[in-house]
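Peer 1: Dropping a structure here in structure tokens format, bear with me for questions.
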Amino acid sequence: MPWWSWRPGSAAGNPPDADGDSSVRSTVRVGVPAQREPSRVVGAPPAEATKTEESEQISQVTLARIGKALDLLDIRFLADGGGSLLAMWERHAVLFTLEGPDDEILVMRARPHSTVPPDWADRAYRVVNEWNHTRRFCKAYVGDPTERGQLPIYAELQVPLAAGAHDALIVEMLDCGAAVATSFVDWLHDEGALL
């Protein structure tokens, strides 16, 4: 088992160990946590108990499940026929899709309807960098120029879900993504002063 060096006096209130010279050292032994039973979900009843409802089961995230979650959130959307769902608001749109080799990555990509003229490219990069440095969710970027030469701005959140997810977790992630997308676009129009 590994031994990890710890700062003096930090080991859960344990006094630091001192050696002969004036330096002070303390170590904490990190144990390996006990493995959970694979058939159990944290908070779920034991396997012998009655089966939990389908909505409480961890299962593969699919576009159909994303659509049901969006319905629960009262987010109206269109299916593009290519494996994506598109929700539109007054100032922006959000694409909800699954990407990756096995469609295991949930992607929420927001794009404001407004674009930036090419001579504002430097300002666009500064504003996007400011968002990325001060926010935790949805990383922003400047897209490739459109056919008219305008620069689109995007904010994207990607969550790998190869292990599957509960319905409630999918709803929570989509709600978070939609809320942050709205905040992002509002920020671009107000504090960011880009759009």
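A note on labels: chains of the structure tokens are A, B, ... as shown, every chain counts residues from 1, and ligands are counted from 1 in their shown order.
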From region 66-178 of chain A, collect each residue whose DSSP state is alpha helix (DSSP H) and return the set as a ChimeraX atom specification.
Peer 2: /A:66-72,121-134,167-178
Peer 1: Near region 131-138 of chain A, within 8 Å and counting only C-alpha atoms, which residues show up once chain neighbours fewer than 4 positions away are dropped, as number ranges by chain?
Peer 2: A: 127, 155-157, 177, 180-181
Peer 1: Find the residues near region 114-118 of chain A: any atom within 6 Å, counting only C-alpha atoms, skip ones fewer than 2 places away on the same chain, and give them as number ranges by chain.
Peer 2: A: 112, 120-121, 150-152
Peer 1: Let me make sure I understand: among A:Ala110, A:Ala165, A:Ile66, A:Leu73, which one has the smallest atom-to-atom distance to Met88 (chain A) if we use only C-alpha atoms?
Peer 2: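 Under the stated criterion, the closest residue is A:Ala110.
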Peer 1: Counting only C-alpha atoms, which of A:Asp119, A:Asp102, A:Asp80, A:Asp71 gets nearest to Pro145 (chain A)?
Peer 2: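 Result for the nearest residue to Pro145 (chain A): A:Asp119.
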Peer 1: What does the structure give for the distance between CA of Arg91 (chain A) and CA of His113 (chain A), in Å to one decimal?
Peer 2: 5.7 Å
Peer 1: With only C-alpha atoms as the atoms that count, which of A:Ala162, A:Glu90, A:Ile75, A:Leu70 lies nearest to Val185 (chain A)?
Peer 2: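 That would be A:Glu90, the residue with the smallest distance to Val185 (chain A).
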Peer 1: Enter the distance from CA of Glu56 (chain A) to CA of Leu95 (chain A), in Å, rounded to one decimal.
Peer 2: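 Rounded to one decimal, the two atoms are 25.8 Å apart.
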